[in-house]
Every structure is written in C-alpha cells, then in structure tokens.
Amino acid sequence: MSVSKEQVLAALAKVPTPGGVALPDARVLSDIVVSDGKVFFSLTVDASAVKAWEPVRKAAEETVRGIPGVQSALVALTAERAAGPAARAPQAAAARAAHPADKVQPGIPGVDAVIAVASGKGGVGKSTTAVNLALGLRDLGLKVGMLDADIYGPSLPKLLAIKEKPQTIGGTRLKPIERYGLTVMSIGFLIDEETPMIWRGPMVMSAITQMLREVEWGKLDVMVVDMPPGTGDAQLTIAQQVPLKGAVIVSTPQDLALIDARRGVAMFNRVNVPVLGVVENMSYFLCPSCGTRSDIFSHGGAHKEAERLGVPFLGEIPLHMTIREKSDAGLPVVATEPDGEHAKIYRDIATKVRDQLTNSGTGRVAPKIVVEA
Ligand SMILES: Nc1ncnc2c1ncn2[C@@H]1O[C@H](COP(=O)(O)OP(=O)(O)O)[C@@H](O)[C@H]1O
Ligand SMILES: [Mg+2]
C-alpha cells in the first residue's frame, strides 16, 4: 500500500495549530517527502513560538503514523528568528548561515558535551577514527555515546557489528544500543541500507533531530557525532543545529584531502564551533609483516596544515592492515586490542580531545575533580 503526499496533507488538515488555522494552511510546512512508507517533513516556526508548536509537531507525527501504509514518520520543528513566509529548508539554512549568532540549539538533557568528527571528504577514515576515539574517551573513564549522523553512508552498524533494531519506549522514544560500553544510535538502524534515499534539506535535520532528541541517551559525559563527509548545506545545517562543543577534523596527508580539511575548519569557524584539532589518518604505511614504515603520501601534511590554520594537531594514525580488518569486522582496535600500539595512539588522541574540552571550559568532561580558585 503506497502513501501519497495528498493523503498526508489531508490528514494534517485535522491537526489544530496555535493560530487555529489548519496545519497545511499555516505556512510552516516544508515539502513533504514520502519514500517507501516513510514520511519526512519539518515545521518552520518563529523562535518565540517553538513551545506552542511542539504539541503540534507531536500531533502531526502521530496523525501521520496513523495513516494506513505509513511505517514511520519524522517531523522536525525548526526555529527561525524572523517570522515570515514558510521558509523552504535550503533558504532557511542559508539564512541561518548568514546569522550564526541566531542559532537556537538547546543542549541534550543529560549530555555534557557533544563533539563532531568531520572530514572534508569521504573515505578518509572518519568513522573508524570516530569509533576508536569514542572508545579512547571511554578508557579515560568517561561515559560515551555515539551518534551516526552520516546519512549518506551510515557505518556504525558495521563498525560496531550491530544488527539489532532499537526498541521504542512508550511508543515514541527510542532506546539506543549498547556496544563496547558505548551508547549508540545510527541512522542506519532506522533506514534499510538497501533503500536508496535521496536526502532533501528538511529530511536531514528531521532525522538528526529525531536521533538527538527522541532517544533515551541517559547520562553521557561525551557524545561523539560521526558527521556526513564534506562541507555542503546538509553538513553546515547539522554543524549549526546540533549543540556542538567542538569538532575534530580527520584528514589524510594528501594535498587534495588537506584542501577539503581546510574547508571543514572554515565551516566550523563560520558557525562558531571550536575546532578541537586535526587528526592525520593513514599518515604513514606500517608493513604488517616487517614493521617497516613508508611515508607513502609524504606524511606530516596535516600537522603543518593545522599549524597554519592555528588549530591543535591531535595525532597521526598509521595506515595499517590490522586497523582496516578489525574496523570492518566490527571489532575496533581500541576495544579488541587495548594493549596494542594502535590503541595507544587513539587513546593519546582521546586524551588531547578530553583536555581541549576541559581547558576551553566548555564542558564538565573530566571525571577528575577540578578545584576552582
Ligand atoms: N588507519 C587506517 N588504516 C587502515 N585502514 C583504515 C584506516 N582508517 C580507515 N581505514 C579503512 O578505510 C576505509 C574507510 O574508512 P571509514 O572509517 O569508513 O571512512 P569514512 O567514514 O571517512 O568514509 C575502511 O575500510 C576502513 O577500515
Ligand atoms: Mg563513514
């Protein structure tokens, strides 16, 4: 049974709004996207009216879920400072980008610090680094969560060998999955890997907002967000709308990757998110049989680039067979070879990240007692 946009609009006409106007006529609806029984859209309202609209968002979601043939519905409430005609998402994102100070982003209850792991492009080892960094932070005694926001290539189900689907609590909230001591939520849990999805502006934030705010994260010292690669509109919107305390940029040492990494730093600067540092992944090749080191891409580029950009350099990770095999088998090295040399490198990076967060005074991340003068 397929669901049409018209069916969704007809159902939404019955949802009351604060002004008394029928929801489809209230000039707040984004485009409605229906894909395979999954319905996505957002409501864009004036920032001062967010409280009044939250029940409408809930009611809209429940109403849409009640339409026969609908498997899931994600409705996001997006706040805009200026009242105006229904803003379409790309324009809204551009408007927000032009006014970074206008961002409206309440924290996640119970979560002390949210950090992004980002890269200028795909395939540089962002997810592998994110997972092992999260495990390194765990080894420092922190309670760590991971949010897979890489809508184009969710990889946490694979990297953490998670096959189960999250359960719902009380019909609406989702229970995250626990693995290796990490609390994990992935867009890959919600959408079949085989289902090709075209992500339009409003859908991206709908999905991310749902994973941030409708998941029982519990108490976390740090939440590590695996960002989608790149520096386009979707990434910018996420960087702005997720309450980030900082960002870690992963790059490989080649010049081309470094140019993209620079764009990543610029993107976070633009939305006032501190860059905690740059990690050089696949920095040098370590031969698994003889242990000889070869600087295939003339390693060290990211270190120089970080200096040039005035951001901390967090460390270099070798290109090594074990990292790849373990990572792709869902057995990340920090969890499964904690005494190995790779685990140590990731833990050193985690320590630097933790110190960055603590020193910048942006989070209560360190479990140790900080004595104030
Ligand atoms: N330091 C490394 N050494 C060897 N292989 C790596 C390393 N980092 C990542 N990989 C491998 O490279 C591929 C891409 O890594 P992934 O973390 O999925 O990248 P991204 O998230 O940036 O797309 C994966 O097969 C992964 O196992
Ligand atoms: Mg990835």
# chains A, B, ... in the order shown; residues from 1 in each chain; ligands from 1
call {"tool": "residues_around", "arguments": {"residues": "stretch 338-344 of chain A", "least_positions_apart": "6", "cutoff": "12 Å", "atoms": "only C-alpha atoms", "output": "MDAnalysis selection string"}}
result
chainID A and resid 129 131:140 180 281:282 286 291 315:324 326:327 331:332 350:351
call {"tool": "write_last_selection", "arguments": {"atoms": "C-alpha atoms", "output": "short mmCIF file (atom, residue, chain, number, x, y, z; two decimals), in the first residue's frame"}}
result
data_model
loop_
_atom_site.label_atom_id
_atom_site.label_comp_id
_atom_site.auth_asym_id
_atom_site.auth_seq_id
_atom_site.Cartn_x
_atom_site.Cartn_y
_atom_site.Cartn_z
CA THR A 129 38.61 7.34 13.82
CA VAL A 131 34.70 4.87 16.86
CA ASN A 132 38.22 4.44 18.22
CA LEU A 133 38.24 7.99 19.60
CA ALA A 134 34.96 7.26 21.39
CA LEU A 135 36.48 4.08 22.83
CA GLY A 136 39.59 6.03 23.85
CA LEU A 137 37.40 8.51 25.71
CA ARG A 138 35.64 5.54 27.34
CA ASP A 139 39.05 4.29 28.51
CA LEU A 140 39.59 7.64 30.23
CA TYR A 180 31.68 -1.98 23.99
CA ASN A 281 44.77 9.31 9.35
CA MET A 282 46.62 6.87 7.08
CA LEU A 286 53.27 0.27 8.53
CA GLY A 291 57.02 -3.40 10.56
CA GLY A 315 48.00 12.93 16.28
CA GLU A 316 48.79 10.64 13.38
CA ILE A 317 47.36 7.19 12.78
CA PRO A 318 49.24 4.77 10.53
CA LEU A 319 47.70 3.02 7.55
CA HIS A 320 47.71 -0.50 8.88
CA MET A 321 46.11 -3.76 7.87
CA THR A 322 45.01 -4.55 11.42
CA ILE A 323 43.11 -1.28 11.73
CA ARG A 324 41.25 -1.96 8.50
CA LYS A 326 39.39 -5.05 12.76
CA SER A 327 37.40 -1.96 11.89
CA LEU A 331 35.99 -5.25 16.24
CA PRO A 332 37.55 -1.80 16.70
CA ALA A 350 41.31 10.95 23.08
CA THR A 351 43.31 12.44 25.94
#
call {"tool": "residues_near_ligand", "arguments": {"ligand": "ligand 2", "cutoff": "8 Å", "atoms": "only C-alpha atoms and all ligand atoms", "output": "PyMOL selection string"}}
result
chain A and resi 122-123+125-128+150+153-156+226+228-229
call {"tool": "write_last_selection", "arguments": {"atoms": "N, CA and C atoms", "output": "compact mmCIF listing (two decimals), in the first residue's frame"}}
result
# COMPACT_ATOMS: atom_id res chain seq x y z
N GLY A 122 34.76 11.99 1.86
CA GLY A 122 34.52 10.63 2.34
C GLY A 122 35.74 9.74 2.16
N GLY A 123 35.73 8.63 2.88
CA GLY A 123 36.75 7.62 2.67
C GLY A 123 38.08 7.88 3.34
N GLY A 125 38.58 7.75 6.57
CA GLY A 125 38.66 7.03 7.83
C GLY A 125 38.00 7.78 8.97
N LYS A 126 37.05 8.62 8.63
CA LYS A 126 36.34 9.41 9.64
C LYS A 126 35.63 8.52 10.65
N SER A 127 34.88 7.52 10.15
CA SER A 127 34.10 6.68 11.06
C SER A 127 34.99 5.80 11.92
N THR A 128 36.03 5.24 11.29
CA THR A 128 36.99 4.41 12.03
C THR A 128 37.61 5.23 13.15
N ASP A 150 25.97 10.24 9.69
CA ASP A 150 26.39 10.14 8.29
C ASP A 150 25.27 9.52 7.48
N GLY A 153 26.30 7.54 4.32
CA GLY A 153 26.95 6.24 4.46
C GLY A 153 27.07 5.85 5.90
N PRO A 154 25.91 5.57 6.55
CA PRO A 154 25.98 5.21 7.97
C PRO A 154 26.87 3.98 8.14
N SER A 155 27.87 4.05 9.00
CA SER A 155 28.75 2.89 9.11
C SER A 155 28.85 2.32 10.51
N LEU A 156 28.20 2.95 11.49
CA LEU A 156 28.32 2.39 12.84
C LEU A 156 27.72 1.00 12.98
N ASP A 226 29.38 11.17 14.38
CA ASP A 226 30.04 10.88 13.10
C ASP A 226 29.28 11.65 12.03
N PRO A 228 28.27 13.54 8.37
CA PRO A 228 28.40 13.20 6.95
C PRO A 228 29.65 13.88 6.40
N PRO A 229 30.38 13.24 5.47
CA PRO A 229 31.61 13.87 4.95
C PRO A 229 31.28 15.10 4.11
call {"tool": "closest_residue", "arguments": {"among": "A:Glu6, A:Asp36, A:Glu280, A:Glu307", "to": "ligand 1", "atoms": "only C-alpha atoms and all ligand atoms"}}
result
A:Glu280
call {"tool": "closest_residue", "arguments": {"among": "A:Ile169, A:Ala306, A:Cys290, A:Val114", "to": "A:Glu216", "atoms": "only C-alpha atoms"}}
result
A:Ile169
call {"tool": "closest_residue", "arguments": {"among": "A:Val222, A:Leu159, A:Ala261, A:Ala302", "to": "ligand 1", "atoms": "only C-alpha atoms and all ligand atoms"}}
result
A:Leu159
call {"tool": "closest_residue", "arguments": {"among": "A:Leu314, A:Leu236, A:Ala118, A:Met185", "to": "ligand 1", "atoms": "only C-alpha atoms and all ligand atoms"}}
result
A:Ala118
call {"tool": "select_by_dssp", "arguments": {"residues": "stretch 32-223 of chain A", "states": "strand (DSSP E or B)", "output": "ChimeraX atom specification"}}
result
/A:33-35,38-46,72-80,111-119,144-148,168-169,173-174,177-179,182-186,215,220-223
call {"tool": "residues_around", "arguments": {"residues": "A:Thr168", "least_positions_apart": "4", "cutoff": "10 Å", "atoms": "only C-alpha atoms", "output": "MDAnalysis selection string"}}
result
chainID A and resid 172:176 214:216
call {"tool": "write_last_selection", "arguments": {"atoms": "N, CA, C and O atoms", "output": "mmCIF file, in the first residue's frame"}}
result
data_model
loop_
_atom_site.group_PDB
_atom_site.id
_atom_site.type_symbol
_atom_site.label_atom_id
_atom_site.label_comp_id
_atom_site.auth_asym_id
_atom_site.auth_seq_id
_atom_site.Cartn_x
_atom_site.Cartn_y
_atom_site.Cartn_z
ATOM 1 N N THR A 172 7.110 6.359 21.483
ATOM 2 C CA THR A 172 7.755 7.406 20.691
ATOM 3 C C THR A 172 9.268 7.444 20.843
ATOM 4 O O THR A 172 9.983 7.621 19.878
ATOM 5 N N ARG A 173 9.779 7.294 22.068
ATOM 6 C CA ARG A 173 11.223 7.450 22.259
ATOM 7 C C ARG A 173 11.956 6.154 21.943
ATOM 8 O O ARG A 173 11.429 5.069 22.126
ATOM 9 N N LEU A 174 13.170 6.305 21.429
ATOM 10 C CA LEU A 174 13.950 5.129 21.055
ATOM 11 C C LEU A 174 15.006 4.831 22.110
ATOM 12 O O LEU A 174 15.566 5.730 22.720
ATOM 13 N N LYS A 175 15.273 3.537 22.290
ATOM 14 C CA LYS A 175 16.301 3.106 23.223
ATOM 15 C C LYS A 175 17.566 2.838 22.401
ATOM 16 O O LYS A 175 17.547 2.024 21.485
ATOM 17 N N PRO A 176 18.661 3.523 22.707
ATOM 18 C CA PRO A 176 19.888 3.291 21.931
ATOM 19 C C PRO A 176 20.454 1.909 22.202
ATOM 20 O O PRO A 176 20.055 1.229 23.137
ATOM 21 N N GLU A 214 14.949 12.371 20.487
ATOM 22 C CA GLU A 214 13.912 11.394 20.813
ATOM 23 C C GLU A 214 14.522 10.034 21.126
ATOM 24 O O GLU A 214 13.923 8.995 20.893
ATOM 25 N N VAL A 215 15.746 10.083 21.625
ATOM 26 C CA VAL A 215 16.451 8.866 22.018
ATOM 27 C C VAL A 215 16.784 9.003 23.495
ATOM 28 O O VAL A 215 17.161 10.075 23.954
ATOM 29 N N GLU A 216 16.604 7.914 24.239
ATOM 30 C CA GLU A 216 16.922 7.938 25.668
ATOM 31 C C GLU A 216 18.427 7.778 25.849
ATOM 32 O O GLU A 216 18.910 6.685 26.138
#
call {"tool": "residues_around", "arguments": {"residues": "A:Val225", "least_positions_apart": "4", "cutoff": "12 Å", "atoms": "only C-alpha atoms", "output": "PyMOL selection string"}}
result
chain A and resi 113-119+126-127+129-131+133-134+144-151+154+156+183-187+208+211-212+229+235+238-239+242-249
call {"tool": "write_last_selection", "arguments": {"atoms": "C-alpha atoms", "output": "CSV table (one decimal), in the first residue's frame"}}
result
chain,number,residue,atom,x,y,z
A,113,ALA,CA,29.4,17.7,25.7
A,114,VAL,CA,28.6,16.8,22.1
A,115,ILE,CA,31.5,16.7,19.7
A,116,ALA,CA,31.6,16.2,15.9
A,117,VAL,CA,34.0,14.1,14.0
A,118,ALA,CA,34.1,15.5,10.5
A,119,SER,CA,36.1,15.3,7.3
A,126,LYS,CA,36.3,9.4,9.6
A,127,SER,CA,34.1,6.7,11.1
A,129,THR,CA,38.6,7.3,13.8
A,130,ALA,CA,35.3,8.4,15.5
A,131,VAL,CA,34.7,4.9,16.9
A,133,LEU,CA,38.2,8.0,19.6
A,134,ALA,CA,35.0,7.3,21.4
A,144,VAL,CA,30.4,8.0,25.9
A,145,GLY,CA,27.7,7.9,23.3
A,146,MET,CA,27.9,7.8,19.5
A,147,LEU,CA,25.5,9.3,17.1
A,148,ASP,CA,25.9,8.2,13.5
A,149,ALA,CA,24.8,11.3,11.5
A,150,ASP,CA,26.4,10.1,8.3
A,151,ILE,CA,23.2,9.9,6.4
A,154,PRO,CA,26.0,5.2,8.0
A,156,LEU,CA,28.3,2.4,12.8
A,183,THR,CA,25.6,4.1,23.8
A,184,VAL,CA,25.0,4.1,20.1
A,185,MET,CA,22.3,5.4,17.7
A,186,SER,CA,22.7,5.3,13.9
A,187,ILE,CA,20.6,6.5,11.0
A,208,ILE,CA,19.1,14.1,13.0
A,211,MET,CA,18.1,10.8,16.8
A,212,LEU,CA,19.3,13.6,19.1
A,229,PRO,CA,31.6,13.9,5.0
A,235,GLN,CA,26.8,19.5,6.9
A,238,ILE,CA,24.0,19.9,11.2
A,239,ALA,CA,27.0,21.9,12.4
A,242,VAL,CA,23.4,20.3,16.8
A,243,PRO,CA,24.6,21.8,20.1
A,244,LEU,CA,28.3,21.1,19.5
A,245,LYS,CA,31.1,21.9,22.0
A,246,GLY,CA,33.7,21.2,19.4
A,247,ALA,CA,34.8,19.4,16.2
A,248,VAL,CA,37.6,17.0,15.3
A,249,ILE,CA,38.7,17.1,11.7
call {"tool": "atom_distance", "arguments": {"atom1": "atom CA of A:Pro109", "atom2": "atom CA of A:Pro202"}}
result
23.5 Å
call {"tool": "select_by_dssp", "arguments": {"residues": "stretch 2-139 of chain A", "states": "helix (DSSP H, G or I)", "output": "PyMOL selection string"}}
result
chain A and resi 5-12+23-25+47-65+89-98+100-102+126-139
call {"tool": "decode", "arguments": {"residues": "stretch 49-85 of chain A", "atoms": "N, CA, C and O atoms", "output": "mmCIF file, in the first residue's frame"}}
result
data_model
loop_
_atom_site.group_PDB
_atom_site.id
_atom_site.type_symbol
_atom_site.label_atom_id
_atom_site.label_comp_id
_atom_site.auth_asym_id
_atom_site.auth_seq_id
_atom_site.Cartn_x
_atom_site.Cartn_y
_atom_site.Cartn_z
ATOM 1 N N ALA A 49 7.824 31.055 19.136
ATOM 2 C CA ALA A 49 6.598 30.256 19.147
ATOM 3 C C ALA A 49 6.875 28.753 19.263
ATOM 4 O O ALA A 49 5.958 27.940 19.177
ATOM 5 N N VAL A 50 8.149 28.410 19.493
ATOM 6 C CA VAL A 50 8.517 26.991 19.484
ATOM 7 C C VAL A 50 7.722 26.180 20.506
ATOM 8 O O VAL A 50 7.210 25.098 20.206
ATOM 9 N N LYS A 51 7.593 26.699 21.720
ATOM 10 C CA LYS A 51 6.859 25.985 22.785
ATOM 11 C C LYS A 51 5.442 25.661 22.346
ATOM 12 O O LYS A 51 4.949 24.560 22.535
ATOM 13 N N ALA A 52 4.785 26.657 21.758
ATOM 14 C CA ALA A 52 3.387 26.490 21.355
ATOM 15 C C ALA A 52 3.257 25.469 20.227
ATOM 16 O O ALA A 52 2.223 24.816 20.093
ATOM 17 N N TRP A 53 4.330 25.330 19.432
ATOM 18 C CA TRP A 53 4.244 24.436 18.279
ATOM 19 C C TRP A 53 4.687 23.017 18.570
ATOM 20 O O TRP A 53 4.413 22.108 17.788
ATOM 21 N N GLU A 54 5.387 22.785 19.670
ATOM 22 C CA GLU A 54 5.868 21.434 19.946
ATOM 23 C C GLU A 54 4.705 20.422 20.001
ATOM 24 O O GLU A 54 4.797 19.335 19.398
ATOM 25 N N PRO A 55 3.577 20.746 20.680
ATOM 26 C CA PRO A 55 2.459 19.779 20.661
ATOM 27 C C PRO A 55 1.919 19.540 19.251
ATOM 28 O O PRO A 55 1.451 18.434 18.952
ATOM 29 N N VAL A 56 2.025 20.561 18.397
ATOM 30 C CA VAL A 56 1.553 20.397 17.013
ATOM 31 C C VAL A 56 2.449 19.402 16.284
ATOM 32 O O VAL A 56 1.989 18.521 15.560
ATOM 33 N N ARG A 57 3.773 19.537 16.524
ATOM 34 C CA ARG A 57 4.715 18.608 15.905
ATOM 35 C C ARG A 57 4.392 17.170 16.301
ATOM 36 O O ARG A 57 4.294 16.278 15.482
ATOM 37 N N LYS A 58 4.180 16.986 17.614
ATOM 38 C CA LYS A 58 3.853 15.647 18.134
ATOM 39 C C LYS A 58 2.573 15.116 17.500
ATOM 40 O O LYS A 58 2.518 13.976 17.047
ATOM 41 N N ALA A 59 1.545 15.988 17.499
ATOM 42 C CA ALA A 59 0.247 15.571 16.967
ATOM 43 C C ALA A 59 0.363 15.240 15.480
ATOM 44 O O ALA A 59 -0.220 14.259 14.999
ATOM 45 N N ALA A 60 1.165 16.045 14.767
ATOM 46 C CA ALA A 60 1.336 15.806 13.322
ATOM 47 C C ALA A 60 1.995 14.443 13.104
ATOM 48 O O ALA A 60 1.579 13.655 12.253
ATOM 49 N N GLU A 61 3.003 14.168 13.922
ATOM 50 C CA GLU A 61 3.715 12.900 13.783
ATOM 51 C C GLU A 61 2.774 11.723 14.058
ATOM 52 O O GLU A 61 2.730 10.749 13.311
ATOM 53 N N GLU A 62 2.004 11.843 15.151
ATOM 54 C CA GLU A 62 1.085 10.752 15.493
ATOM 55 C C GLU A 62 0.020 10.572 14.412
ATOM 56 O O GLU A 62 -0.331 9.452 14.053
ATOM 57 N N THR A 63 -0.490 11.694 13.909
ATOM 58 C CA THR A 63 -1.522 11.624 12.874
ATOM 59 C C THR A 63 -0.990 10.909 11.641
ATOM 60 O O THR A 63 -1.647 10.030 11.081
ATOM 61 N N VAL A 64 0.225 11.292 11.230
ATOM 62 C CA VAL A 64 0.782 10.687 10.015
ATOM 63 C C VAL A 64 1.056 9.196 10.237
ATOM 64 O O VAL A 64 0.806 8.371 9.368
ATOM 65 N N ARG A 65 1.536 8.863 11.455
ATOM 66 C CA ARG A 65 1.778 7.445 11.744
ATOM 67 C C ARG A 65 0.497 6.619 11.661
ATOM 68 O O ARG A 65 0.541 5.421 11.427
ATOM 69 N N GLY A 66 -0.646 7.298 11.864
ATOM 70 C CA GLY A 66 -1.932 6.591 11.845
ATOM 71 C C GLY A 66 -2.463 6.349 10.444
ATOM 72 O O GLY A 66 -3.454 5.644 10.261
ATOM 73 N N ILE A 67 -1.852 6.943 9.425
ATOM 74 C CA ILE A 67 -2.327 6.736 8.053
ATOM 75 C C ILE A 67 -1.966 5.317 7.624
ATOM 76 O O ILE A 67 -0.818 4.903 7.763
ATOM 77 N N PRO A 68 -2.946 4.546 7.113
ATOM 78 C CA PRO A 68 -2.635 3.173 6.711
ATOM 79 C C PRO A 68 -1.507 3.169 5.673
ATOM 80 O O PRO A 68 -1.533 3.970 4.745
ATOM 81 N N GLY A 69 -0.534 2.314 5.868
ATOM 82 C CA GLY A 69 0.586 2.215 4.923
ATOM 83 C C GLY A 69 1.816 2.985 5.370
ATOM 84 O O GLY A 69 2.899 2.796 4.831
ATOM 85 N N VAL A 70 1.651 3.866 6.363
ATOM 86 C CA VAL A 70 2.813 4.617 6.844
ATOM 87 C C VAL A 70 3.577 3.771 7.860
ATOM 88 O O VAL A 70 2.999 3.277 8.826
ATOM 89 N N GLN A 71 4.859 3.585 7.605
ATOM 90 C CA GLN A 71 5.678 2.786 8.527
ATOM 91 C C GLN A 71 6.305 3.657 9.596
ATOM 92 O O GLN A 71 6.409 3.279 10.745
ATOM 93 N N SER A 72 6.773 4.832 9.186
ATOM 94 C CA SER A 72 7.373 5.719 10.169
ATOM 95 C C SER A 72 7.211 7.154 9.716
ATOM 96 O O SER A 72 7.056 7.423 8.526
ATOM 97 N N ALA A 73 7.199 8.048 10.690
ATOM 98 C CA ALA A 73 7.067 9.470 10.377
ATOM 99 C C ALA A 73 8.064 10.245 11.210
ATOM 100 O O ALA A 73 8.220 9.994 12.397
ATOM 101 N N LEU A 74 8.781 11.146 10.565
ATOM 102 C CA LEU A 74 9.700 12.032 11.281
ATOM 103 C C LEU A 74 9.261 13.460 11.000
ATOM 104 O O LEU A 74 9.234 13.883 9.851
ATOM 105 N N VAL A 75 8.889 14.176 12.047
ATOM 106 C CA VAL A 75 8.510 15.578 11.873
ATOM 107 C C VAL A 75 9.427 16.398 12.766
ATOM 108 O O VAL A 75 9.504 16.164 13.968
ATOM 109 N N ALA A 76 10.147 17.342 12.177
ATOM 110 C CA ALA A 76 11.054 18.178 12.975
ATOM 111 C C ALA A 76 10.502 19.577 13.104
ATOM 112 O O ALA A 76 9.834 20.070 12.198
ATOM 113 N N LEU A 77 10.764 20.170 14.252
ATOM 114 C CA LEU A 77 10.362 21.555 14.472
ATOM 115 C C LEU A 77 11.628 22.395 14.361
ATOM 116 O O LEU A 77 12.610 22.175 15.066
ATOM 117 N N THR A 78 11.619 23.339 13.430
ATOM 118 C CA THR A 78 12.803 24.167 13.222
ATOM 119 C C THR A 78 12.458 25.604 13.590
ATOM 120 O O THR A 78 11.438 26.127 13.155
ATOM 121 N N ALA A 79 13.310 26.205 14.395
ATOM 122 C CA ALA A 79 13.033 27.570 14.838
ATOM 123 C C ALA A 79 13.747 28.576 13.953
ATOM 124 O O ALA A 79 14.912 28.433 13.638
ATOM 125 N N GLU A 80 13.038 29.584 13.553
ATOM 126 C CA GLU A 80 13.623 30.689 12.801
ATOM 127 C C GLU A 80 13.428 31.939 13.634
ATOM 128 O O GLU A 80 12.392 32.112 14.259
ATOM 129 N N ARG A 81 14.427 32.827 13.618
ATOM 130 C CA ARG A 81 14.260 34.036 14.432
ATOM 131 C C ARG A 81 13.180 34.945 13.836
ATOM 132 O O ARG A 81 12.241 35.338 14.506
ATOM 133 N N ALA A 82 13.319 35.255 12.574
ATOM 134 C CA ALA A 82 12.371 36.191 11.975
ATOM 135 C C ALA A 82 11.116 35.465 11.548
ATOM 136 O O ALA A 82 11.175 34.387 10.976
ATOM 137 N N ALA A 83 9.957 36.046 11.847
ATOM 138 C CA ALA A 83 8.707 35.489 11.364
ATOM 139 C C ALA A 83 8.654 35.780 9.881
ATOM 140 O O ALA A 83 9.192 36.772 9.419
ATOM 141 N N GLY A 84 8.036 34.905 9.126
ATOM 142 C CA GLY A 84 7.970 35.186 7.704
ATOM 143 C C GLY A 84 7.252 34.080 6.995
ATOM 144 O O GLY A 84 6.739 33.168 7.636
ATOM 145 N N PRO A 85 7.207 34.136 5.707
ATOM 146 C CA PRO A 85 6.528 33.085 4.962
ATOM 147 C C PRO A 85 7.267 31.768 5.153
ATOM 148 O O PRO A 85 8.435 31.759 5.519
#
